[in-house]
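Coordinates as given in final_16.cif (mmCIF, C-alpha atoms and all ligand atoms):
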```cif
data_my_file
#
loop_
_atom_site.label_atom_id
_atom_site.label_comp_id
_atom_site.auth_asym_id
_atom_site.auth_seq_id
_atom_site.Cartn_x
_atom_site.Cartn_y
_atom_site.Cartn_z
CA MET A 1 4.16 8.61 20.76
CA ILE A 2 5.13 5.75 18.46
CA LYS A 3 8.57 6.00 16.90
CA ARG A 4 8.37 4.44 13.45
CA ARG A 5 11.26 2.37 12.22
CA LYS A 6 13.17 4.16 9.47
CA THR A 7 12.68 2.59 6.06
CA ARG A 8 13.26 3.19 2.40
CA VAL A 9 10.28 4.84 0.73
CA VAL A 10 8.56 3.10 -2.17
CA LYS A 11 6.52 5.05 -4.69
CA VAL A 12 3.20 3.53 -5.69
CA ASP A 13 1.89 6.12 -8.15
CA SER A 14 0.76 9.05 -6.00
CA VAL A 15 1.11 7.08 -2.75
CA ARG A 16 4.33 6.65 -0.77
CA ILE A 17 4.90 3.57 1.35
CA GLY A 18 7.52 3.81 4.08
CA SER A 19 8.44 5.98 7.03
CA PRO A 20 7.99 8.95 7.50
CA TRP A 21 4.94 8.79 5.20
CA PRO A 22 1.63 7.95 6.91
CA ILE A 23 0.73 4.28 7.17
CA VAL A 24 -1.17 3.26 4.06
CA ILE A 25 -4.46 1.35 4.31
CA GLN A 26 -5.06 -1.16 1.56
CA SER A 27 -7.65 -3.76 0.72
CA MET A 28 -8.73 -6.08 -2.11
CA THR A 29 -11.64 -6.39 -4.48
CA LYS A 30 -13.65 -9.58 -4.09
CA VAL A 31 -15.46 -10.03 -7.38
CA ALA A 32 -14.18 -11.60 -10.58
CA THR A 33 -11.78 -9.08 -12.11
CA SER A 34 -13.15 -9.90 -15.56
CA ASP A 35 -16.47 -8.40 -14.41
CA VAL A 36 -15.14 -4.88 -14.99
CA ALA A 37 -18.30 -3.00 -13.92
CA ARG A 38 -18.60 -4.76 -10.55
CA CYS A 39 -14.89 -4.59 -9.93
CA LEU A 40 -14.87 -0.86 -10.66
CA ARG A 41 -17.75 -0.34 -8.22
CA GLN A 42 -15.77 -2.11 -5.50
CA VAL A 43 -12.62 -0.11 -6.20
CA ARG A 44 -14.59 3.14 -5.91
CA ARG A 45 -16.35 2.06 -2.71
CA LEU A 46 -13.01 1.15 -1.18
CA ALA A 47 -11.41 4.42 -2.23
CA SER A 48 -14.24 6.46 -0.74
CA ALA A 49 -14.03 4.46 2.51
CA GLY A 50 -10.40 5.57 2.89
CA CYS A 51 -8.47 2.82 1.12
CA SER A 52 -5.36 4.39 -0.43
CA VAL A 53 -4.33 1.55 -2.72
CA VAL A 54 -6.52 -1.29 -3.96
CA ARG A 55 -5.34 -4.79 -4.83
CA ILE A 56 -6.99 -6.80 -7.57
CA ALA A 57 -6.44 -10.49 -8.32
CA VAL A 58 -5.19 -11.19 -11.84
CA PRO A 59 -5.31 -14.97 -12.27
CA THR A 60 -6.19 -15.31 -15.99
CA LYS A 61 -5.45 -13.66 -19.31
CA ALA A 62 -9.03 -12.34 -19.35
CA ASP A 63 -8.36 -10.74 -15.96
CA SER A 64 -5.25 -9.03 -17.37
CA VAL A 65 -7.40 -7.53 -20.11
CA ALA A 66 -10.01 -6.42 -17.54
CA PHE A 67 -7.28 -5.04 -15.25
CA ALA A 68 -6.07 -2.78 -18.07
CA LYS A 69 -9.61 -1.36 -18.47
CA ILE A 70 -10.01 -0.82 -14.71
CA VAL A 71 -6.65 0.99 -14.38
CA GLU A 72 -7.78 3.53 -16.96
CA LYS A 73 -10.97 4.39 -15.10
CA VAL A 74 -9.79 4.98 -11.53
CA SER A 75 -7.42 7.41 -9.86
CA VAL A 76 -6.57 5.25 -6.85
CA PRO A 77 -3.32 3.28 -7.44
CA LEU A 78 -3.93 -0.40 -8.19
CA ILE A 79 -1.89 -3.42 -7.20
CA ALA A 80 -2.10 -6.62 -9.23
CA ASP A 81 -2.16 -9.76 -7.10
CA ILE A 82 -0.15 -12.41 -8.92
CA HIS A 83 0.34 -16.09 -8.17
CA PHE A 84 2.03 -18.77 -10.26
CA SER A 85 2.32 -16.81 -13.52
CA ALA A 86 5.15 -14.52 -14.66
CA ALA A 87 3.09 -13.77 -17.78
CA ARG A 88 0.25 -12.32 -15.65
CA ALA A 89 2.77 -10.23 -13.70
CA ILE A 90 4.22 -8.71 -16.86
CA GLU A 91 0.77 -8.16 -18.41
CA ALA A 92 -0.40 -6.34 -15.26
CA ILE A 93 2.71 -4.15 -15.16
CA GLU A 94 2.31 -3.28 -18.83
CA ALA A 95 -1.37 -2.52 -18.19
CA GLY A 96 -0.41 0.13 -15.60
CA ALA A 97 -0.26 -1.63 -12.23
CA ALA A 98 1.37 0.73 -9.74
CA LYS A 99 2.62 -2.30 -7.86
CA ILE A 100 2.39 -6.05 -8.15
CA ARG A 101 2.35 -8.64 -5.42
CA LEU A 102 4.44 -11.76 -6.02
CA ASN A 103 4.32 -14.86 -3.86
CA PRO A 104 7.79 -16.42 -3.57
CA GLY A 105 6.08 -19.72 -2.72
CA ASN A 106 4.70 -20.08 -6.23
CA ILE A 107 6.84 -18.02 -8.64
CA LYS A 108 10.24 -19.59 -8.29
CA ASN A 109 11.86 -19.69 -11.71
CA ARG A 110 14.86 -17.33 -11.63
CA ALA A 111 14.58 -16.33 -15.29
CA ASP A 112 10.87 -15.53 -14.83
CA ILE A 113 11.59 -13.40 -11.80
CA LEU A 114 14.29 -11.50 -13.66
CA ARG A 115 11.90 -10.84 -16.55
CA ILE A 116 9.34 -9.45 -14.11
CA ILE A 117 11.99 -7.24 -12.51
CA GLU A 118 13.01 -5.84 -15.88
CA SER A 119 9.39 -5.08 -16.72
CA ALA A 120 8.81 -3.41 -13.32
CA LYS A 121 11.94 -1.29 -13.82
CA ALA A 122 10.85 -0.25 -17.29
CA HIS A 123 7.35 0.78 -16.15
CA GLY A 124 8.15 2.19 -12.70
CA ALA A 125 6.07 -0.40 -10.86
CA ALA A 126 6.81 -1.42 -7.29
CA VAL A 127 6.78 -5.04 -6.14
CA ARG A 128 5.58 -6.60 -2.92
CA ILE A 129 7.40 -9.76 -2.00
CA GLY A 130 4.54 -11.42 -0.16
CA VAL A 131 5.50 -14.61 1.63
CA ASN A 132 2.58 -16.68 2.88
CA GLU A 133 3.28 -19.36 5.44
CA ALA A 134 0.80 -21.70 3.76
CA SER A 135 2.50 -21.36 0.35
CA ILE A 136 5.91 -22.56 1.50
CA ARG A 137 6.34 -26.19 0.51
CA ASP A 138 8.32 -27.20 3.61
CA LEU A 139 5.64 -25.68 5.86
CA LYS A 140 2.69 -27.59 4.48
CA LYS A 141 3.17 -30.34 7.07
CA ALA A 142 1.36 -29.64 10.34
CA ASP A 143 4.18 -30.91 12.58
CA VAL A 144 6.78 -28.24 11.67
CA PRO A 145 7.57 -26.43 14.97
CA ALA A 146 6.66 -22.74 15.30
CA GLY A 147 10.28 -21.54 15.58
CA LYS A 148 11.22 -23.32 12.37
CA ARG A 149 8.20 -21.86 10.57
CA VAL A 150 9.32 -18.30 11.24
CA GLY A 151 12.86 -19.16 10.15
CA LEU A 152 11.67 -20.73 6.90
CA MET A 153 9.45 -17.76 6.03
CA LEU A 154 12.39 -15.43 6.55
CA LYS A 155 14.68 -17.68 4.49
CA GLU A 156 12.19 -17.76 1.59
CA MET A 157 11.92 -13.98 1.68
CA THR A 158 15.67 -13.41 1.93
CA LYS A 159 16.35 -15.51 -1.19
CA TYR A 160 13.89 -13.40 -3.17
CA VAL A 161 15.10 -10.08 -1.82
CA ARG A 162 18.72 -10.92 -2.65
CA LEU A 163 17.69 -11.76 -6.22
CA PHE A 164 15.96 -8.39 -6.59
CA GLU A 165 18.95 -6.60 -5.08
CA LYS A 166 21.36 -8.36 -7.44
CA ALA A 167 19.17 -7.22 -10.33
CA GLY A 168 19.44 -3.64 -9.06
CA PHE A 169 15.79 -3.32 -8.01
CA SER A 170 14.90 -1.79 -4.65
CA ASP A 171 11.29 -0.60 -4.99
CA ILE A 172 10.14 -3.46 -2.87
CA VAL A 173 7.73 -3.86 0.02
CA LEU A 174 7.98 -6.96 2.20
CA SER A 175 5.30 -9.03 3.86
CA ALA A 176 5.18 -12.34 5.66
CA LYS A 177 1.75 -13.51 6.65
CA SER A 178 0.40 -16.37 8.68
CA ALA A 179 -3.00 -17.11 10.18
CA ASP A 180 -1.18 -17.33 13.51
CA VAL A 181 -0.90 -14.06 15.44
CA ALA A 182 2.27 -14.90 17.41
CA ARG A 183 4.15 -16.10 14.32
CA THR A 184 3.09 -13.06 12.31
CA ILE A 185 4.45 -10.81 15.05
CA GLU A 186 7.71 -12.74 15.34
CA VAL A 187 8.47 -13.02 11.64
CA ASN A 188 7.82 -9.32 11.09
CA ARG A 189 10.08 -8.37 13.98
CA GLN A 190 12.83 -10.38 12.31
CA ILE A 191 12.15 -8.82 8.89
CA ALA A 192 12.37 -5.36 10.46
CA GLU A 193 15.72 -6.30 12.03
CA LYS A 194 17.12 -7.59 8.80
CA PHE A 195 15.83 -5.26 6.07
CA SER A 196 15.19 -1.55 5.60
CA TYR A 197 12.39 -2.02 3.03
CA PRO A 198 8.87 -0.95 4.03
CA ILE A 199 6.72 -3.68 5.55
CA HIS A 200 3.14 -4.64 4.72
CA LEU A 201 1.33 -6.08 7.75
CA GLY A 202 -1.63 -8.42 7.91
CA LEU A 203 -2.85 -11.87 8.79
CA THR A 204 -3.97 -14.42 6.25
CA HIS A 205 -7.33 -16.14 6.61
CA ALA A 206 -8.18 -13.99 9.62
CA GLY A 207 -11.84 -15.06 9.47
CA LEU A 208 -15.23 -13.39 9.64
CA ALA A 209 -15.18 -9.70 10.55
CA GLU A 210 -16.03 -10.30 14.20
CA ASP A 211 -13.13 -12.76 14.60
CA ALA A 212 -10.68 -11.07 12.25
CA LYS A 213 -11.03 -7.79 14.09
CA THR A 214 -9.48 -8.98 17.33
CA ALA A 215 -6.76 -11.16 15.80
CA SER A 216 -5.76 -8.42 13.35
CA ALA A 217 -5.80 -5.71 15.99
CA VAL A 218 -3.47 -7.78 18.18
CA ALA A 219 -1.06 -8.79 15.38
CA ILE A 220 -1.00 -5.51 13.45
CA GLY A 221 -1.39 -3.33 16.54
CA THR A 222 1.48 -4.98 18.42
CA LEU A 223 3.85 -4.49 15.50
CA LEU A 224 2.73 -0.92 14.81
CA ALA A 225 3.19 -0.05 18.48
CA GLU A 226 6.80 -1.25 18.10
CA GLY A 227 7.22 1.08 15.11
CA ILE A 228 7.05 -1.77 12.57
CA GLY A 229 4.73 -1.58 9.55
CA ASP A 230 4.17 0.91 6.74
CA THR A 231 1.03 -0.39 5.05
CA ILE A 232 -1.69 -2.63 6.45
CA ARG A 233 -4.40 -4.87 5.15
CA VAL A 234 -6.96 -6.40 7.48
CA SER A 235 -8.18 -9.62 5.84
CA VAL A 236 -11.87 -10.25 6.42
CA ALA A 237 -14.13 -12.90 4.95
CA GLY A 238 -16.81 -10.43 3.87
CA ASP A 239 -17.23 -6.90 2.56
CA SER A 240 -13.85 -5.26 1.85
CA VAL A 241 -15.09 -1.94 3.23
CA GLN A 242 -15.12 -3.68 6.64
CA GLU A 243 -11.39 -4.23 6.17
CA VAL A 244 -10.81 -0.53 5.69
CA LEU A 245 -12.95 0.45 8.68
CA ILE A 246 -11.16 -2.00 10.98
CA ALA A 247 -7.77 -0.84 9.67
CA LYS A 248 -8.74 2.75 10.45
CA GLU A 249 -9.79 1.75 13.97
CA ILE A 250 -6.46 0.02 14.58
CA LEU A 251 -4.49 3.03 13.36
CA LYS A 252 -6.71 5.45 15.23
CA SER A 253 -6.29 3.60 18.52
CA LEU A 254 -2.51 4.06 18.20
CA GLY A 255 -2.71 7.71 17.17
CA LEU A 256 -1.47 6.80 13.69
CA TYR A 257 -4.56 7.94 11.80
CA LYS A 258 -5.96 11.44 12.03
CA PRO A 259 -9.30 11.55 10.27
CA ASN A 260 -10.96 14.86 9.65
CA LYS A 261 -13.68 13.74 12.04
CA PRO A 262 -14.25 14.10 15.79
CA GLU A 263 -12.92 11.51 18.18
CA LEU A 264 -15.39 10.53 20.88
CA ILE A 265 -13.99 9.41 24.22
CA VAL A 266 -16.39 7.73 26.63
CA CYS A 267 -15.59 6.63 30.16
CA PRO A 268 -16.20 2.93 30.83
CA THR A 269 -18.52 3.88 33.75
CA CYS A 270 -18.24 2.50 37.28
CA GLY A 271 -20.06 2.63 40.59
CA ARG A 272 -19.69 6.45 40.72
CA CYS A 273 -21.66 6.98 37.53
CA GLN A 274 -24.97 8.79 38.02
CA ILE A 275 -26.45 8.84 34.52
CA ASP A 276 -26.88 6.51 31.56
CA VAL A 277 -23.50 7.26 29.95
CA VAL A 278 -23.97 4.87 27.02
CA LYS A 279 -27.27 6.52 26.05
CA LEU A 280 -25.73 9.98 26.36
CA ALA A 281 -22.66 8.94 24.33
CA ARG A 282 -24.88 7.60 21.55
CA GLN A 283 -26.73 10.94 21.42
CA VAL A 284 -23.40 12.81 21.28
CA LYS A 285 -22.19 10.48 18.52
CA ARG A 286 -25.27 11.36 16.44
CA VAL A 287 -24.58 15.08 16.91
CA LEU A 288 -20.94 14.58 15.83
CA LYS A 289 -21.85 12.65 12.71
CA ASP A 290 -21.88 15.74 10.50
CA VAL A 291 -18.88 17.48 12.04
CA ASN A 292 -15.81 17.41 9.79
CA ARG A 293 -13.09 18.53 12.16
CA PRO A 294 -10.47 16.52 14.07
CA ILE A 295 -11.71 17.54 17.51
CA ARG A 296 -11.86 15.41 20.64
CA VAL A 297 -15.11 15.19 22.61
CA ALA A 298 -15.46 13.32 25.90
CA VAL A 299 -18.46 11.97 27.77
CA MET A 300 -17.65 11.15 31.39
CA GLY A 301 -19.93 9.63 33.98
CA CYS A 302 -19.00 11.67 37.04
CA VAL A 303 -17.21 14.78 38.28
CA VAL A 304 -14.85 12.86 40.54
CA ASN A 305 -12.46 11.65 37.85
CA GLY A 306 -14.24 12.81 34.70
CA PRO A 307 -12.82 16.37 34.41
CA GLY A 308 -9.24 15.18 34.92
CA GLU A 309 -9.55 12.36 32.43
CA ALA A 310 -11.20 14.62 29.87
CA ALA A 311 -8.74 17.50 30.37
CA ASP A 312 -7.26 17.22 26.88
CA ALA A 313 -10.66 17.10 25.14
CA ASP A 314 -11.85 20.11 23.16
CA LEU A 315 -15.27 19.63 24.70
CA ALA A 316 -16.41 17.36 27.50
CA ILE A 317 -19.59 16.52 29.33
CA CYS A 318 -19.08 15.40 32.92
CA ALA A 319 -22.33 14.17 34.33
CA ALA A 320 -23.73 14.41 37.84
CA LYS A 321 -27.11 13.46 39.27
CA GLY A 322 -29.81 15.15 37.16
CA ARG A 323 -27.36 17.59 35.57
CA GLY A 324 -24.03 17.87 33.85
CA PHE A 325 -21.10 20.18 33.33
CA ILE A 326 -19.70 21.24 29.98
CA TYR A 327 -15.93 21.68 29.83
CA ARG A 328 -14.00 23.39 27.07
CA HIS A 329 -10.28 22.58 26.91
CA GLY A 330 -10.38 21.37 30.52
CA ARG A 331 -12.24 24.43 31.93
CA LYS A 332 -15.80 24.22 33.22
CA ILE A 333 -17.94 26.65 31.22
CA LYS A 334 -21.56 25.62 31.85
CA THR A 335 -23.81 23.71 34.21
CA VAL A 336 -27.02 22.40 32.61
CA SER A 337 -29.82 20.02 33.51
CA ALA A 338 -29.49 16.46 32.16
CA ASN A 339 -32.17 16.88 29.49
CA LYS A 340 -30.43 19.96 28.05
CA LEU A 341 -26.93 18.52 27.81
CA ILE A 342 -27.09 17.61 24.13
CA ALA A 343 -28.50 21.00 23.14
CA ALA A 344 -25.81 22.76 25.16
CA LEU A 345 -23.07 20.63 23.62
CA SER A 346 -24.40 21.37 20.11
CA ILE A 347 -24.16 25.11 20.75
CA GLU A 348 -20.59 24.76 21.97
CA LEU A 349 -19.71 22.63 18.94
CA LYS A 350 -20.90 25.40 16.64
CA GLY A 351 -18.76 27.84 18.56
CA LEU A 352 -15.73 25.55 18.18
CA ARG A 353 -16.25 25.32 14.45
CA HIS A 354 -15.76 29.03 13.88
S1 LIG B 401 -15.38 9.11 34.83
FE1 LIG B 401 -16.33 8.71 36.81
S2 LIG B 401 -18.03 7.33 36.30
FE2 LIG B 401 -16.65 7.27 34.56
S3 LIG B 401 -15.32 5.55 35.02
FE3 LIG B 401 -14.27 7.38 35.72
S4 LIG B 401 -14.82 7.49 37.89
FE4 LIG B 401 -16.28 6.09 36.95
#
```
Please express the file's structure as structure tokens.
Ligand code: SF4
Amino acid sequence: MIKRRKTRVVKVDSVRIGSPWPIVIQSMTKVATSDVARCLRQVRRLASAGCSVVRIAVPTKADSVAFAKIVEKVSVPLIADIHFSAARAIEAIEAGAAKIRLNPGNIKNRADILRIIESAKAHGAAVRIGVNEASIRDLKKADVPAGKRVGLMLKEMTKYVRLFEKAGFSDIVLSAKSADVARTIEVNRQIAEKFSYPIHLGLTHAGLAEDAKTASAVAIGTLLAEGIGDTIRVSVAGDSVQEVLIAKEILKSLGLYKPNKPELIVCPTCGRCQIDVVKLARQVKRVLKDVNRPIRVAVMGCVVNGPGEAADADLAICAAKGRGFIYRHGRKIKTVSANKLIAALSIELKGLRH
């Protein structure tokens, strides 16, 4: 059981970020914000995939105008992603952004930051202080040692946080991102030590989905397992829905996400296995597709270790040569021939549903 670090809780419209609230999955739209129709379609796709807050880039005045139209048409809270421009930040807040993301590497003017804070206070918007390693001027040279990089990211963040605190603003979420997994883990450990604000986890420039998946799972998963992290974004060069699906997988693997869907456990198979477990598991997965209940179903390749390993499953198939055994909550209830296993499991599933 993962013990989450205690944090302040930040309100982002209907969503709460911070422990003990569930970890929030977020993602970004990837079309021009000024193309309101396409942007809206992406927001809706993300929301139905399980994304709880959606971030939208607001780089131009035209995007601010479009952002205002999009906010009106969706129920999922929106975050405006702001770089370089205090004017864009204030326009987005006034348009109804539930939260804005500021990059301390490119909005540095103290008076501008204070104006943004006043606007956020007046409109009840939260702010993410999102440090990016690549945006820090002193870190643009390749020969800066890793230890110094982490220290400089933390220093940049601390300056910003102190300014917000002095201005009496505490609805802040912190993030420090790098493309480097080890540095992302280290800097977030230090942020968690130093601050009680909720933390947004993610890598920058993680790559194509197939590469981003592993790097993100290691960086985000390591931190989450240590109780650090309150909202996550998996950056993928590609469809944003992929980001949400990978984020769900990461949370699920740590027991931090409980979808209203079955969880399928499959043994890795070994020399004791007497049937095609992968084929059987795929058939079971198809049967489970339409089940909307958080049950656990196991497919195990033998009766030597299978029943023990599947003991906490609601239903399990433990296979033997030419036949298999159905277990319910760890108790053997049926023995059936191999070709009838799926039908027998389907009947038991119906029984479980009632
Ligand atoms: S359940 Fe049986 S077949 Fe599967 S990995 Fe364990 S021992 Fe091997």
inquiry  = Please report the interatomic distance between CA of His205 (chain A) and CA of Pro259 (chain A) in Å with one decimal.
reply    = 28.0 Å
When you look at region 341-343 of chain A with a cut-off of 10 Å (counting all atoms listed in the file), what residues show up, excluding the ones that are within fewer than 2 positions of it in the same chain? I need them as a PDB file with C-alpha atoms, keeping the file's coordinate frame.
```
ATOM      1  CA  LEU A 280     -25.730   9.980  26.360  1.00  0.00           C
ATOM      2  CA  ALA A 281     -22.660   8.940  24.330  1.00  0.00           C
ATOM      3  CA  GLN A 283     -26.730  10.940  21.420  1.00  0.00           C
ATOM      4  CA  VAL A 284     -23.400  12.810  21.280  1.00  0.00           C
ATOM      5  CA  VAL A 287     -24.580  15.080  16.910  1.00  0.00           C
ATOM      6  CA  ILE A 317     -19.590  16.520  29.330  1.00  0.00           C
ATOM      7  CA  CYS A 318     -19.080  15.400  32.920  1.00  0.00           C
ATOM      8  CA  ALA A 319     -22.330  14.170  34.330  1.00  0.00           C
ATOM      9  CA  ARG A 323     -27.360  17.590  35.570  1.00  0.00           C
ATOM     10  CA  GLY A 324     -24.030  17.870  33.850  1.00  0.00           C
ATOM     11  CA  PHE A 325     -21.100  20.180  33.330  1.00  0.00           C
ATOM     12  CA  ILE A 326     -19.700  21.240  29.980  1.00  0.00           C
ATOM     13  CA  LYS A 334     -21.560  25.620  31.850  1.00  0.00           C
ATOM     14  CA  THR A 335     -23.810  23.710  34.210  1.00  0.00           C
ATOM     15  CA  VAL A 336     -27.020  22.400  32.610  1.00  0.00           C
ATOM     16  CA  SER A 337     -29.820  20.020  33.510  1.00  0.00           C
ATOM     17  CA  ALA A 338     -29.490  16.460  32.160  1.00  0.00           C
ATOM     18  CA  ASN A 339     -32.170  16.880  29.490  1.00  0.00           C
ATOM     19  CA  LEU A 345     -23.070  20.630  23.620  1.00  0.00           C
ATOM     20  CA  SER A 346     -24.400  21.370  20.110  1.00  0.00           C
ATOM     21  CA  ILE A 347     -24.160  25.110  20.750  1.00  0.00           C
ATOM     22  CA  GLU A 348     -20.590  24.760  21.970  1.00  0.00           C
ATOM     23  CA  LEU A 349     -19.710  22.630  18.940  1.00  0.00           C
TER      24      LEU A 349
END
```
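As for CA of Lys258 (chain A) and CA of Arg101 (chain A), they are spaced 27.9 Å apart.
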Per residue of chain A within 7 Å of ligand LIG 401 (chain B), what are the shortest atom pair and its distance in Å to one decimal, counting all atoms listed in the file, with rows by chain and residue number, as a Markdown table?
```
| residue | atom | partner | partner_atom | distance |
| --- | --- | --- | --- | --- |
| A:Cys267 | CA | B:LIG401 | FE2 | 4.6 |
| A:Pro268 | CA | B:LIG401 | S3 | 5.0 |
| A:Thr269 | CA | B:LIG401 | S3 | 3.8 |
| A:Cys270 | CA | B:LIG401 | FE4 | 4.1 |
| A:Gly271 | CA | B:LIG401 | FE4 | 6.3 |
| A:Arg272 | CA | B:LIG401 | S2 | 4.8 |
| A:Cys273 | CA | B:LIG401 | S2 | 3.8 |
| A:Met300 | CA | B:LIG401 | S1 | 4.6 |
| A:Gly301 | CA | B:LIG401 | S2 | 3.8 |
| A:Cys302 | CA | B:LIG401 | FE1 | 4.0 |
| A:Val303 | CA | B:LIG401 | FE1 | 6.3 |
| A:Val304 | CA | B:LIG401 | FE1 | 5.8 |
| A:Asn305 | CA | B:LIG401 | S4 | 4.8 |
| A:Gly306 | CA | B:LIG401 | S1 | 3.9 |
```
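Proximity ranking of A:Val36, A:Ala344, A:Val173, A:Val58 relative to Leu201 (chain A) places A:Val173 first, based on only C-alpha atoms.
Proximity ranking of A:Gly168, A:Gly308, A:Gly130, A:Gly18 relative to Pro198 (chain A) places A:Gly18 first, based on only C-alpha atoms.
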query = In file coordinates, which residues lie within 9 Å of (3.3, -3.8, -18.6) using all atoms listed in the file, given as number ranges by chain?
reply = A: 89-97, 119-120, 122-123, 125
Taking all listed atoms of region 81-92 of chain A, build the axis-aligned box, pad each of the six sides by 8 Å, then write its centre and edge lengths in Å to one decimal as JSON.
```
{"center_x": 1.5, "center_y": -12.6, "center_z": -12.8, "size_x": 23.3, "size_y": 28.4, "size_z": 27.3}
```
ask   = How many Å lie between CA of Gly221 (chain A) and CA of Ser253 (chain A), rounded to one decimal?
value =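 CA of Ser253 (chain A) lies at a distance of 8.7 Å from CA of Gly221 (chain A).
You can rank A:Leu352, A:Ala316, A:Leu256, A:Ile250 by their closest distance to Arg293 (chain A) using all atoms listed in the file, and at the top of that list sits A:Leu352.
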query = Which one is closest to Tyr197 (chain A): A:Ile228, A:Val43, A:Ala237, A:Ile185? Count only C-alpha atoms.
reply =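 With only C-alpha atoms as the atom set, the closest residue is A:Ile228.
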Find the residues around Val31 (chain A) up to 12 Å (only C-alpha atoms counted), leave out those fewer than 2 positions away in its own chain, and share them as a PDB file with C-alpha atoms, keeping the file's coordinate frame.
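In the end it all went to out.pdb:
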```pdb
ATOM      1  CA  MET A  28      -8.730  -6.080  -2.110  1.00  0.00           C
ATOM      2  CA  THR A  29     -11.640  -6.390  -4.480  1.00  0.00           C
ATOM      3  CA  THR A  33     -11.780  -9.080 -12.110  1.00  0.00           C
ATOM      4  CA  SER A  34     -13.150  -9.900 -15.560  1.00  0.00           C
ATOM      5  CA  ASP A  35     -16.470  -8.400 -14.410  1.00  0.00           C
ATOM      6  CA  VAL A  36     -15.140  -4.880 -14.990  1.00  0.00           C
ATOM      7  CA  ALA A  37     -18.300  -3.000 -13.920  1.00  0.00           C
ATOM      8  CA  ARG A  38     -18.600  -4.760 -10.550  1.00  0.00           C
ATOM      9  CA  CYS A  39     -14.890  -4.590  -9.930  1.00  0.00           C
ATOM     10  CA  LEU A  40     -14.870  -0.860 -10.660  1.00  0.00           C
ATOM     11  CA  ARG A  41     -17.750  -0.340  -8.220  1.00  0.00           C
ATOM     12  CA  GLN A  42     -15.770  -2.110  -5.500  1.00  0.00           C
ATOM     13  CA  VAL A  43     -12.620  -0.110  -6.200  1.00  0.00           C
ATOM     14  CA  ARG A  55      -5.340  -4.790  -4.830  1.00  0.00           C
ATOM     15  CA  ILE A  56      -6.990  -6.800  -7.570  1.00  0.00           C
ATOM     16  CA  ALA A  57      -6.440 -10.490  -8.320  1.00  0.00           C
ATOM     17  CA  VAL A  58      -5.190 -11.190 -11.840  1.00  0.00           C
ATOM     18  CA  ASP A  63      -8.360 -10.740 -15.960  1.00  0.00           C
ATOM     19  CA  GLY A 238     -16.810 -10.430   3.870  1.00  0.00           C
ATOM     20  CA  ASP A 239     -17.230  -6.900   2.560  1.00  0.00           C
ATOM     21  CA  SER A 240     -13.850  -5.260   1.850  1.00  0.00           C
TER      22      SER A 240
END
```
For Thr7 (chain A): contacts at 12 Å, all atoms listed in the file, fewer than 3 positions along chain excluded, given as an mmCIF file with C-alpha atoms, in the coordinates of the input:
```cif
data_model
loop_
_atom_site.group_PDB
_atom_site.id
_atom_site.type_symbol
_atom_site.label_atom_id
_atom_site.label_comp_id
_atom_site.auth_asym_id
_atom_site.auth_seq_id
_atom_site.Cartn_x
_atom_site.Cartn_y
_atom_site.Cartn_z
ATOM 1 C CA ARG A 4 8.370 4.440 13.450
ATOM 2 C CA VAL A 10 8.560 3.100 -2.170
ATOM 3 C CA ARG A 16 4.330 6.650 -0.770
ATOM 4 C CA ILE A 17 4.900 3.570 1.350
ATOM 5 C CA GLY A 18 7.520 3.810 4.080
ATOM 6 C CA SER A 19 8.440 5.980 7.030
ATOM 7 C CA PRO A 20 7.990 8.950 7.500
ATOM 8 C CA TRP A 21 4.940 8.790 5.200
ATOM 9 C CA SER A 170 14.900 -1.790 -4.650
ATOM 10 C CA ASP A 171 11.290 -0.600 -4.990
ATOM 11 C CA ILE A 172 10.140 -3.460 -2.870
ATOM 12 C CA VAL A 173 7.730 -3.860 0.020
ATOM 13 C CA LEU A 174 7.980 -6.960 2.200
ATOM 14 C CA ILE A 191 12.150 -8.820 8.890
ATOM 15 C CA ALA A 192 12.370 -5.360 10.460
ATOM 16 C CA GLU A 193 15.720 -6.300 12.030
ATOM 17 C CA LYS A 194 17.120 -7.590 8.800
ATOM 18 C CA PHE A 195 15.830 -5.260 6.070
ATOM 19 C CA SER A 196 15.190 -1.550 5.600
ATOM 20 C CA TYR A 197 12.390 -2.020 3.030
ATOM 21 C CA PRO A 198 8.870 -0.950 4.030
ATOM 22 C CA ILE A 199 6.720 -3.680 5.550
ATOM 23 C CA GLY A 227 7.220 1.080 15.110
ATOM 24 C CA ILE A 228 7.050 -1.770 12.570
ATOM 25 C CA GLY A 229 4.730 -1.580 9.550
ATOM 26 C CA ASP A 230 4.170 0.910 6.740
#
```
request  = Name the closest residue to Glu118 (chain A) among the candidates A:Lys177, A:Phe169, A:Gly50, A:Leu102; distances are taken between atoms, counting all atoms listed in the file.
outcome  = A:Phe169
task = Kindly indicate which residue among A:Ile107, A:Ile2, A:Leu46, A:Leu203 lies nearest to Leu224 (chain A), using all atoms listed in the file for the distances.
result =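 Of the candidates, the smallest distance to Leu224 (chain A) is held by A:Ile2.
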request  = Can you pull out every residue within 10 Å of Arg137 (chain A), counting only C-alpha atoms, but drop anything in the same chain fewer than 5 positions away, and send it as a ChimeraX atom specification?
outcome  = /A:105-106,152
Save the residues we just selected, C-alpha atoms, as a short mmCIF file (atom, residue, chain, number, x, y, z; two decimals), keeping the file's coordinate frame?
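Written out: result-v3.cif:
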```
data_model
loop_
_atom_site.label_atom_id
_atom_site.label_comp_id
_atom_site.auth_asym_id
_atom_site.auth_seq_id
_atom_site.Cartn_x
_atom_site.Cartn_y
_atom_site.Cartn_z
CA GLY A 105 6.08 -19.72 -2.72
CA ASN A 106 4.70 -20.08 -6.23
CA LEU A 152 11.67 -20.73 6.90
#
```
query = Skipping near chain neighbours, those fewer than 2 positions away, what residues fall within 10 Å of Val71 (chain A) using all atoms listed in the file, listed as a ChimeraX atom specification?
reply = /A:40,66-69,73-79,92,95-98
